[in-house]
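Notes for the one structure printed next.
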There are 2 protein chains.
Amino acid sequence: MANQRTPPPRDYLGEFEQLVLLAVVHLEGEGYGMTVRGEIERRTGRSPSIGALYGTLERLEEKGLVRSRTGASTAERGGRAKRFFAVTASGMRALERSRRLLDAMWEGIPGTGDAR
Amino acid sequence: MANQRTPPPRDYLGEFEQLVLLAVVHLEGEGYGMTVRGEIERRTGRSPSIGALYGTLERLEEKGLVRSRTGASTAERGGRAKRFFAVTASGMRALERSRRLLDAMWEGIPGTGDAR
DNA sequence: TCGTATATGTTCTGGATTGTAGAACCTGCC
DNA sequence: GGCAGGTTCTACAATCCAGAACATATACGA
């Protein structure tokens with residue numbers, strides 16, 4: 001019985017998914033696994049494991065929130081081809097939706113202190 | 001030396017944990033299951049299932065991020081005693097940490113569109 | 001000139017935590 | 001007894017985490 005349920009398994013981005021997606025945005029289509037990880041580390045001080053990262057990237061692509069292309073390996077020391085990621089329009093929307101959701105919940109709480 | 005914290009299984013709040021915690025903050029110690037749910041619904045339009053809500057609240061309490069007390073049932077129609085939740089100092093800190101983390105990742109991205 | 005060590009990157013496997021749904025259950029008024 | 005307001009329980013699905021295994025291009029010594 002083919003009961004394929006394609007529709008959104010979940011409509012909201014997980015905590016880590018947001019971080020990864022945001023890092024991909026910053027790298028403007030030129031980010032790949034390792035640099036995405038570096039971006040998160042640089043900005044937050046948190047260094048996710050390899051598995052956490054690629055697993056999330058994979059999931060994000062399945063959901064159509066990022067797109068990936070395999071690039072030719074550069075003439076640097078290492079050899080394996082990189083897989084570059086870029087955020088999609090849908091991914092950007094999901095990000096904004098998550099942001100608004102959280103902002104709505106924060107509204108009225110002194111919070112972080114910076115008026116921003 | 002002040003070091004009596006249980007080694008946190010995870011140092012970061014999940015997506016939904018943040019929403020729930022924030023709702024508890026808004027209700028200022030007078031919120032209980034049903035009103036916490038209502039607060040989330042009112043602010044975000046999202047209505048979490050009963051199970052999602054209590055499960056999360058339970059977990060949050062185990063981690064020491066919220067505290068709960070059982071109140072006397074009011075003289076309203078319903079009967080079962082309510083369980084009121086209040087955020088702890090530790091919970092508030094976790095919340096602020098999560099917020100800062102996300103802000104650091106958003107920095108430099110046009111984002112939500114509203115200049116605010 | 002080979003053959004192999006090494007560096008950069010990604011894929012895979014396994015398991016712990018979180019998130020979801022709703023049925024079942026408790027208890028005080030009517 | 002029946003109903004309304006609340007919470008507890010059971011079962012699972014999705015997300016998150018760690019690190020081993022694997023792939024492949026350059027570097028280098030004999």
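By convention here, the chains of the structure tokens are called A, B, ... in the order presented, each chain's residues are numbered starting at 1, and ligands are numbered starting at 1 in the order presented.
Matched residue by residue and fitted by least squares, the Cα atoms of chain B sit at an RMSD of 3.6 Å from chain A.
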Taking 3 positions as the minimum chain separation for residues in the same chain, which residues sit within 10 Å of DT15 in chain D when counting only C-alpha atoms (C1' of nucleotides)? Answer as a list of chain:residue names. A:Leu13, A:Gly14, A:Glu15, A:Phe16, A:Glu17, A:Ala52, A:Gly55, A:Thr56, A:Arg59, B:Gly14, C:DT17, C:DT18, C:DG19
Using only C-alpha atoms (C1' of nucleotides) and a distance of at most 6 Å, pull out the residues of chain A that contact chain D, as an NGL selection string. :A and (52 or 77-80)
Written selection (C-alpha atoms) as a PDB file, in the first residue's frame:
ATOM      1  CA  ALA A  52      25.678  16.486  13.273  1.00  0.00           C
ATOM      2  CA  ARG A  77      46.720  19.625  -0.677  1.00  0.00           C
ATOM      3  CA  GLY A  78      43.549  17.684  -0.045  1.00  0.00           C
ATOM      4  CA  GLY A  79      41.812  15.707  -2.658  1.00  0.00           C
ATOM      5  CA  ARG A  80      38.159  14.934  -2.223  1.00  0.00           C
TER       6      ARG A  80
END
What are the residues of chain C that have an atom within 7 Å of an atom of chain B, counting only C-alpha atoms (C1' of nucleotides), as a VMD selection string? chain C and resid 19 to 21 26 to 29
Residue hits in chain B, query chain A, radius 6 Å, only C-alpha atoms, as a PDB file with N, CA and C atoms, in the first residue's frame:
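Resulting contents of selection-v4.pdb:
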ATOM      1  N   GLY B  14      16.252  23.227  22.782  1.00  0.00           N
ATOM      2  CA  GLY B  14      15.666  22.853  21.506  1.00  0.00           C
ATOM      3  C   GLY B  14      14.712  23.948  21.069  1.00  0.00           C
ATOM      4  N   GLU B  15      14.262  23.871  19.859  1.00  0.00           N
ATOM      5  CA  GLU B  15      13.364  24.878  19.291  1.00  0.00           C
ATOM      6  C   GLU B  15      12.120  25.038  20.156  1.00  0.00           C
ATOM      7  N   ARG B  43       0.444  33.912  20.709  1.00  0.00           N
ATOM      8  CA  ARG B  43       1.567  34.662  20.149  1.00  0.00           C
ATOM      9  C   ARG B  43       2.072  34.181  18.797  1.00  0.00           C
ATOM     10  N   THR B  44       1.982  32.895  18.566  1.00  0.00           N
ATOM     11  CA  THR B  44       2.555  32.376  17.329  1.00  0.00           C
ATOM     12  C   THR B  44       1.572  31.736  16.373  1.00  0.00           C
ATOM     13  N   GLU B  96      18.648  33.270  27.514  1.00  0.00           N
ATOM     14  CA  GLU B  96      19.464  34.362  26.986  1.00  0.00           C
ATOM     15  C   GLU B  96      20.632  33.851  26.149  1.00  0.00           C
ATOM     16  N   LEU B 101      23.094  33.288  20.841  1.00  0.00           N
ATOM     17  CA  LEU B 101      23.648  32.393  19.834  1.00  0.00           C
ATOM     18  C   LEU B 101      23.013  32.656  18.473  1.00  0.00           C
ATOM     19  N   ALA B 104      23.896  36.004  16.990  1.00  0.00           N
ATOM     20  CA  ALA B 104      25.240  36.015  16.419  1.00  0.00           C
ATOM     21  C   ALA B 104      25.217  35.442  15.010  1.00  0.00           C
ATOM     22  N   THR B 112      14.491  39.388   8.499  1.00  0.00           N
ATOM     23  CA  THR B 112      13.040  39.526   8.576  1.00  0.00           C
ATOM     24  C   THR B 112      12.433  40.650   7.764  1.00  0.00           C
TER      25      THR B 112
END
Backbone DSSP call of strand (DSSP E) for chain B, listed as a list in words: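 After running DSSP on the backbone, chain B has strand (DSSP E) at Gly31, Tyr32, Val66, Arg67, Ser68, Arg69, Thr70, Arg83, Phe84, Phe85, Ala86 and Val87 of chain B.
Across the structure, CA of Leu57 in chain A and CA of Val36 in chain A are spaced 9.7 Å apart.
You will find CA of Ser47 in chain B at 11.0 Å from CA of Met34 in chain B.
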Skip Gly31 in chain B itself and residues of its chain fewer than 6 positions away, then list as a JSON list (two decimals) with C-alpha atoms, in the first residue's frame all residues within 10 Å of it, counting only C-alpha atoms (C1' of nucleotides).
[["chain", "number", "residue", "atom", "x", "y", "z"],
["B", 23, "ALA", "CA", 5.65, 31.28, 27.53],
["B", 24, "VAL", "CA", 6.32, 30.31, 31.13],
["B", 25, "VAL", "CA", 8.26, 33.53, 31.58],
["B", 37, "ARG", "CA", -0.31, 26.28, 25.59],
["B", 38, "GLY", "CA", -2.67, 29.19, 25.12],
["B", 39, "GLU", "CA", 0.13, 31.71, 25.36],
["B", 68, "SER", "CA", 6.61, 23.61, 39.48],
["B", 82, "LYS", "CA", -3.29, 22.70, 38.47],
["B", 83, "ARG", "CA", 0.44, 22.51, 38.24],
["B", 84, "PHE", "CA", 1.96, 25.96, 38.04],
["B", 85, "PHE", "CA", 5.30, 26.57, 36.43],
["B", 86, "ALA", "CA", 7.91, 29.24, 37.00]]
Interatomic distance, C1' of DA23 in chain C to CA of Tyr54 in chain B (Å, one decimal):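 Interatomic distance, C1' of DA23 in chain C to CA of Tyr54 in chain B: 14.8 Å.
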From a backbone DSSP assignment, name each residue in range 7-48 of chain A labelled helix (DSSP H, G or I), as an MDAnalysis selection string. chainID A and resid 15:26 33:44
